[in-house]
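Content type TSV, C-alpha atoms, from the file run.tsv:
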chain	number	residue	atom	x	y	z
A	78	MET	CA	24.00	-99.15	52.30
A	79	LEU	CA	23.47	-96.10	50.12
A	80	THR	CA	20.09	-94.96	48.88
A	81	VAL	CA	21.17	-91.98	46.78
A	82	ARG	CA	22.98	-92.47	43.47
A	83	PHE	CA	25.85	-90.01	43.57
A	84	ASP	CA	26.23	-89.90	39.80
A	85	ARG	CA	22.68	-88.53	39.57
A	86	LEU	CA	23.33	-86.07	42.41
A	87	GLY	CA	26.35	-84.86	40.46
A	88	LEU	CA	28.66	-84.59	43.47
A	89	GLN	CA	32.14	-83.24	42.65
A	90	PRO	CA	35.30	-83.00	44.78
A	91	GLY	CA	35.26	-79.75	46.70
A	92	ASP	CA	31.48	-79.41	46.70
A	93	ARG	CA	29.94	-78.28	49.94
A	94	LEU	CA	27.26	-80.80	50.92
A	95	LEU	CA	24.60	-80.82	53.64
A	96	ASP	CA	23.41	-84.21	54.90
A	97	MET	CA	20.19	-83.13	56.61
A	98	GLY	CA	18.90	-85.72	59.04
A	99	CYS	CA	22.19	-87.58	58.70
A	100	GLY	CA	21.38	-90.38	61.17
A	101	ALA	CA	24.38	-92.72	61.34
A	102	GLY	CA	26.05	-90.74	58.54
A	103	ARG	CA	26.13	-93.28	55.70
A	104	HIS	CA	25.67	-90.66	52.96
A	105	ALA	CA	27.88	-88.14	54.74
A	106	PHE	CA	30.81	-90.56	54.85
A	107	GLU	CA	30.43	-91.58	51.20
A	108	SER	CA	30.38	-87.88	50.26
A	109	MET	CA	33.59	-87.36	52.23
A	110	ARG	CA	35.21	-90.29	50.42
A	111	ARG	CA	34.33	-88.56	47.16
A	112	GLY	CA	36.06	-85.35	48.20
A	113	ALA	CA	33.13	-83.20	49.33
A	114	ARG	CA	33.19	-80.88	52.32
A	115	VAL	CA	30.35	-82.24	54.41
A	116	THR	CA	28.13	-80.76	57.09
A	117	ALA	CA	26.15	-83.46	58.92
A	118	LEU	CA	23.01	-82.20	60.65
A	119	ASP	CA	20.60	-84.11	62.86
A	120	TYR	CA	18.22	-83.34	65.71
A	121	SER	CA	19.47	-86.36	67.69
A	122	PHE	CA	22.60	-85.59	69.71
A	123	PRO	CA	23.53	-89.29	70.24
A	124	GLU	CA	23.48	-89.82	66.47
A	125	LEU	CA	25.88	-86.90	66.00
A	126	VAL	CA	28.24	-88.29	68.63
A	127	ASP	CA	28.37	-91.58	66.72
A	128	VAL	CA	28.96	-89.73	63.45
A	129	LYS	CA	31.83	-87.76	64.98
A	130	ASN	CA	33.43	-90.89	66.42
A	131	THR	CA	33.18	-92.70	63.09
A	132	TYR	CA	34.65	-89.67	61.33
A	133	TYR	CA	37.74	-89.67	63.58
A	134	ALA	CA	38.15	-93.42	63.09
A	135	MET	CA	37.98	-93.06	59.30
A	136	VAL	CA	40.53	-90.22	59.33
A	137	GLU	CA	42.86	-92.32	61.47
A	138	ALA	CA	42.45	-95.26	59.08
A	139	GLY	CA	43.25	-93.04	56.10
A	140	GLU	CA	39.83	-93.57	54.50
A	141	ILE	CA	38.97	-89.86	54.30
A	142	ASP	CA	40.80	-86.56	54.46
A	143	ALA	CA	40.84	-84.73	57.79
A	144	GLU	CA	39.46	-81.63	56.06
A	145	ALA	CA	36.44	-83.47	54.63
A	146	GLU	CA	34.11	-82.59	57.50
A	147	SER	CA	32.77	-79.06	57.80
A	148	GLY	CA	30.94	-79.84	61.03
A	149	SER	CA	28.46	-82.08	62.82
A	150	ILE	CA	25.59	-79.87	63.96
A	151	ARG	CA	22.46	-80.44	66.01
A	152	GLY	CA	19.72	-78.47	64.34
A	153	ASP	CA	16.06	-78.11	63.49
A	154	ALA	CA	15.00	-78.83	59.91
A	155	LEU	CA	12.53	-75.93	60.12
A	156	ARG	CA	15.23	-73.43	61.15
A	157	LEU	CA	18.44	-74.47	59.43
A	158	PRO	CA	21.39	-72.54	60.90
A	159	PHE	CA	22.87	-71.57	57.52
A	160	ALA	CA	22.76	-68.54	55.26
A	161	ASP	CA	20.85	-68.54	51.99
A	162	ASP	CA	22.57	-70.29	49.05
A	163	THR	CA	25.19	-72.08	51.17
A	164	PHE	CA	25.40	-75.62	49.76
A	165	ASP	CA	26.25	-77.02	46.33
A	166	LYS	CA	24.55	-80.31	47.13
A	167	ILE	CA	22.01	-81.51	49.72
A	168	ILE	CA	20.89	-84.98	50.76
A	169	ALA	CA	17.75	-85.39	52.88
A	170	SER	CA	17.34	-89.13	53.30
A	171	GLU	CA	14.40	-90.70	55.16
A	172	VAL	CA	13.67	-87.61	57.22
A	173	LEU	CA	10.65	-85.71	55.81
A	174	GLU	CA	8.25	-88.49	56.83
A	175	HIS	CA	9.11	-87.68	60.46
A	176	ILE	CA	8.38	-83.94	60.22
A	177	PRO	CA	4.80	-82.64	60.64
A	178	ASP	CA	5.60	-79.46	58.67
A	179	ASP	CA	7.36	-81.12	55.75
A	180	VAL	CA	6.60	-78.17	53.46
A	181	GLY	CA	8.44	-75.88	55.87
A	182	ALA	CA	11.43	-78.24	55.87
A	183	ILE	CA	11.50	-78.39	52.06
A	184	THR	CA	11.34	-74.58	51.95
A	185	GLU	CA	14.35	-74.36	54.28
A	186	LEU	CA	16.32	-76.89	52.25
A	187	THR	CA	15.60	-74.93	49.08
A	188	ARG	CA	16.68	-71.70	50.79
A	189	VAL	CA	20.14	-72.99	51.74
A	190	LEU	CA	20.77	-74.70	48.37
A	191	LYS	CA	22.79	-72.63	45.90
A	192	PRO	CA	21.22	-71.67	42.57
A	193	GLY	CA	22.24	-74.42	40.19
A	194	GLY	CA	22.79	-76.81	43.11
A	195	THR	CA	21.23	-80.25	43.27
A	196	MET	CA	19.35	-82.07	46.02
A	197	ALA	CA	18.33	-85.70	46.57
A	198	VAL	CA	15.31	-86.33	48.79
A	199	THR	CA	14.38	-89.86	49.83
A	200	VAL	CA	11.22	-91.02	51.61
A	201	PRO	CA	9.58	-94.42	52.16
A	202	ALA	CA	7.78	-95.66	49.05
A	203	TRP	CA	4.00	-95.80	49.26
A	204	LEU	CA	3.27	-99.54	48.94
A	205	PRO	CA	5.92	-100.95	51.32
A	206	GLU	CA	5.13	-98.21	53.84
A	207	LYS	CA	1.38	-98.77	53.59
A	208	LEU	CA	1.85	-102.46	54.40
A	209	CYS	CA	4.01	-101.59	57.41
A	210	TRP	CA	1.32	-99.26	58.76
A	211	LYS	CA	-1.36	-101.92	58.29
A	212	LEU	CA	0.72	-104.58	60.03
A	213	SER	CA	1.68	-102.48	63.06
A	214	ASP	CA	0.45	-99.34	64.80
A	215	GLU	CA	3.69	-99.31	66.78
A	216	TYR	CA	5.73	-98.91	63.57
A	217	HIS	CA	4.43	-95.37	63.03
A	218	ALA	CA	4.90	-94.31	66.63
A	219	PRO	CA	3.54	-91.05	68.09
A	220	ILE	CA	5.04	-87.85	66.78
A	221	ALA	CA	6.57	-87.13	70.18
A	222	VAL	CA	8.98	-90.06	69.79
A	223	GLY	CA	9.88	-89.45	66.17
A	224	GLY	CA	7.56	-91.81	64.33
A	225	HIS	CA	6.40	-91.57	60.73
A	226	VAL	CA	3.59	-89.05	60.40
A	227	ARG	CA	2.56	-89.62	56.77
A	228	ILE	CA	2.77	-91.96	53.82
A	229	TYR	CA	3.86	-90.24	50.62
A	230	LYS	CA	2.43	-90.90	47.21
A	231	GLU	CA	5.05	-90.13	44.59
A	232	LYS	CA	2.85	-87.49	42.95
A	233	GLU	CA	2.47	-85.69	46.30
A	234	MET	CA	6.22	-85.59	46.85
A	235	ARG	CA	6.84	-84.25	43.35
A	236	GLN	CA	4.19	-81.58	43.89
A	237	LYS	CA	5.71	-80.38	47.15
A	238	LEU	CA	9.21	-80.21	45.70
A	239	GLY	CA	7.95	-78.37	42.62
A	240	ASP	CA	5.94	-75.92	44.71
A	241	ALA	CA	9.15	-75.02	46.57
A	242	GLY	CA	10.62	-73.82	43.27
A	243	LEU	CA	12.78	-76.87	42.55
A	244	ASP	CA	13.20	-78.44	39.12
A	245	LEU	CA	12.59	-82.21	39.11
A	246	HIS	CA	14.98	-84.59	37.38
A	247	GLY	CA	13.43	-87.98	37.95
A	248	SER	CA	13.20	-90.59	40.66
A	249	HIS	CA	13.81	-94.26	41.39
A	250	GLN	CA	13.09	-96.79	44.13
A	251	ALA	CA	15.74	-98.61	46.15
A	252	HIS	CA	16.25	-101.42	48.65
A	253	SER	CA	13.54	-103.84	47.58
A	254	LEU	CA	15.17	-106.67	49.54
A	255	HIS	CA	14.74	-104.62	52.71
A	256	SER	CA	10.95	-104.36	52.43
A	257	PRO	CA	10.24	-107.98	53.53
A	258	TYR	CA	12.48	-107.42	56.54
A	259	TRP	CA	10.32	-104.53	57.71
A	260	TRP	CA	7.12	-106.44	56.99
A	261	LEU	CA	8.42	-109.26	59.18
A	262	LYS	CA	9.34	-106.82	61.95
A	263	CYS	CA	5.93	-105.19	61.82
A	264	ALA	CA	4.18	-108.59	61.87
A	265	VAL	CA	6.00	-109.76	65.04
A	266	GLY	CA	6.44	-106.31	66.64
A	267	PRO	CA	8.91	-103.61	65.45
A	268	THR	CA	11.05	-103.93	68.58
A	269	ASN	CA	11.12	-107.75	68.61
A	270	ASP	CA	14.60	-108.00	67.06
A	271	ASP	CA	15.25	-111.41	68.61
A	272	HIS	CA	12.44	-113.18	66.74
A	273	ARG	CA	14.05	-116.02	64.78
A	274	LEU	CA	12.63	-114.97	61.40
A	275	VAL	CA	13.66	-111.36	61.90
A	276	ALA	CA	17.13	-112.36	63.07
A	277	ALA	CA	17.58	-114.73	60.13
A	278	TYR	CA	16.53	-112.14	57.56
A	279	ARG	CA	18.77	-109.52	59.19
A	280	LYS	CA	21.76	-111.88	58.82
A	281	PHE	CA	20.87	-112.33	55.15
A	282	LEU	CA	20.79	-108.55	54.63
A	283	GLU	CA	24.11	-108.10	56.43
A	284	TRP	CA	25.65	-110.82	54.25
A	285	ASP	CA	24.20	-109.21	51.15
A	286	ILE	CA	25.55	-105.74	52.03
A	287	ILE	CA	29.05	-107.11	52.66
A	288	LYS	CA	29.29	-109.62	49.81
A	289	ALA	CA	26.99	-107.95	47.24
A	290	PRO	CA	26.63	-111.08	45.10
A	291	LYS	CA	25.51	-110.64	41.52
A	292	SER	CA	22.35	-112.72	42.07
A	293	THR	CA	20.92	-110.46	44.78
A	294	ARG	CA	21.99	-107.29	42.96
A	295	ILE	CA	19.98	-108.42	39.94
A	296	ALA	CA	17.01	-109.39	42.12
A	297	ASP	CA	17.10	-106.06	43.91
A	298	ARG	CA	17.20	-104.14	40.64
A	299	LEU	CA	14.29	-106.09	39.15
A	300	LEU	CA	12.12	-105.76	42.27
A	301	ASN	CA	12.87	-102.10	43.06
A	302	PRO	CA	10.13	-100.64	40.81
A	303	PHE	CA	7.54	-102.74	42.65
A	304	ILE	CA	8.58	-103.06	46.32
A	305	GLY	CA	11.60	-100.78	46.71
A	306	LYS	CA	11.54	-99.56	50.33
A	307	SER	CA	12.62	-96.01	49.47
A	308	VAL	CA	11.92	-93.62	46.62
A	309	VAL	CA	14.59	-91.05	45.71
A	310	HIS	CA	13.76	-87.74	44.02
A	311	TYR	CA	16.50	-85.71	42.31
A	312	THR	CA	16.00	-81.96	42.02
A	313	SER	CA	17.88	-78.75	41.32
A	314	LYS	CA	17.45	-75.11	42.23
A	315	PRO	CA	17.11	-72.87	39.15
A	316	ARG	CA	20.02	-70.57	38.45
A	317	ILE	CA	19.43	-66.87	38.92
A	318	THR	CA	19.13	-65.06	35.59
A	319	VAL	CA	19.95	-61.37	35.38
A	320	GLU	CA	17.82	-59.38	32.94
A	321	PRO	CA	19.93	-57.30	30.53
A	322	ILE	CA	19.72	-53.55	30.96
A	323	ARG	CA	17.59	-52.08	28.18
A	324	GLU	CA	18.98	-49.19	26.18
A	325	THR	CA	16.01	-46.99	27.06
A	326	ALA	CA	16.52	-47.57	30.76
A	327	ARG	CA	20.25	-46.87	30.43
A	328	ALA	CA	19.55	-43.63	28.58
A	329	ALA	CA	17.13	-42.51	31.25

Write out the structure in this file as structure tokens.
Amino acid sequence: MLTVRFDRLGLQPGDRLLDMGCGAGRHAFESMRRGARVTALDYSFPELVDVKNTYYAMVEAGEIDAEAESGSIRGDALRLPFADDTFDKIIASEVLEHIPDDVGAITELTRVLKPGGTMAVTVPAWLPEKLCWKLSDEYHAPIAVGGHVRIYKEKEMRQKLGDAGLDLHGSHQAHSLHSPYWWLKCAVGPTNDDHRLVAAYRKFLEWDIIKAPKSTRIADRLLNPFIGKSVVHYTSKPRITVEPIRETARAA
């Protein structure tokens, strides 16, 4: 289940991509399939172990090239272990809402993005997230255990990305059919996965992801502007322009 549209990210074979806050690695693996050299970074070591195991399995199955991965790294979003202007593309999907200093994280992401590079940032959309918070305090757990620490309005997210020096290229919402699932979970308790309604809706979503019937694709597209679970912002880092040397300065 991909949130980012790779055509809008502009990913090309050979691009060096950072998947910051990679989680299970869904965007990292799709980037590898498309020929990118991918660095997957997350603060959770168990997540990175799963990503590495899946990577080896995909290489063995011939789904991706063995050279597609540049590394799976445990790291802090506020102190990215990379030099300035390292990556052609960056994906930061569903991670900023977990970080108290989100401005610091955006600054770091901008630092390691190459001039002219593009970045996709996804966060929970305001309305679906607001309903989740109202339905359950447990859903946005304490900061110490990695819960959501804020609800973004789209204007706020655009402002923070712009303040970091990024150019904005539009946004869209995604995964509208997933919002009712999370509302159900919040209503019965976010950890109550065995509740019959939650289990039934989860089976529907799994079926939908695998089969992708035309009917649900149309429904998802029509509902996304209203209840899409995630909002994706596409940005780029301005290219560096070199001022021409003036004749007077050259003569001096």

Write out as CSV the residues of stretch 198-270 of chain A that have any atom within 12 Å of an atom of stretch 86-108 of chain A, one row each with the nearest atom pair and its distance in Å to one decimal, counting only C-alpha atoms, sorted by chain and then rising number.
residue,atom,partner,partner_atom,distance
A:Val198,CA,A:Met97,CA,9.8
A:Thr199,CA,A:Gly98,CA,11.1
A:Val200,CA,A:Gly98,CA,11.9
A:Leu245,CA,A:Leu86,CA,11.9
A:His246,CA,A:Leu86,CA,9.9
A:Gly247,CA,A:Leu86,CA,11.0
A:Ser248,CA,A:Leu86,CA,11.2

File of the preceding selection, C-alpha atoms, as a compact mmCIF listing (two decimals), in the frame of the given file:
# COMPACT_ATOMS: atom_id res chain seq x y z
CA VAL A 198 15.31 -86.33 48.79
CA THR A 199 14.38 -89.86 49.83
CA VAL A 200 11.22 -91.02 51.61
CA LEU A 245 12.59 -82.21 39.11
CA HIS A 246 14.98 -84.59 37.38
CA GLY A 247 13.43 -87.98 37.95
CA SER A 248 13.20 -90.59 40.66

Practice item. Name the closest residue to A:Ile304 among the candidates A:Tyr278, A:Tyr229, A:Trp260, A:Phe164; distances are taken between atoms, counting all atoms listed in the file. Key: A:Trp260

Check your understanding: Contacts of A:Ile317 at 10 Å or less, counting all atoms listed in the file, minus same-chain residues fewer than 4 places along, as a list of chain:residue names?
Key -> A:Lys191, A:Pro192, A:Gly193

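Of the residues listed (A:Val180, A:Val81, A:Leu190, A:Val136), A:Val180 shows the shortest atom-to-atom separation from A:Arg235; distances use all atoms listed in the file.
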
**Study point:** Answer as a PyMOL selection string, residues within 12 Å of (5.4, -81.2, 57.3) using all atoms listed in the file
**Key:** chain A and resi 154-155+172-185+220+225-229+234+237

**Study point:** Residues near A:Met196, cut-off 6 Å, all atoms listed in the file, skip fewer than 6 positions along chain, as a PyMOL selection string
**Key:** chain A and resi 166-168+311-313

Exercise for review: Work out how far apart atom CA of A:Phe159 and atom CA of A:Leu118 are and give it in Å to one decimal.
Suggested key: 11.1 Å

Study note, to complete from the structure: If you count only C-alpha atoms, the residue of A:Pro257, A:Gly194, A:Pro267, A:Pro205 closest to A:Leu243 turns out to be A:Gly194

Review point. Do you know which residues are at most 7 Å from A:Asp297 counting all atoms listed in the file, after dropping those on the same chain fewer than 4 positions away, and could you put them as a ChimeraX atom specification?
Key: /A:252-254,293,301
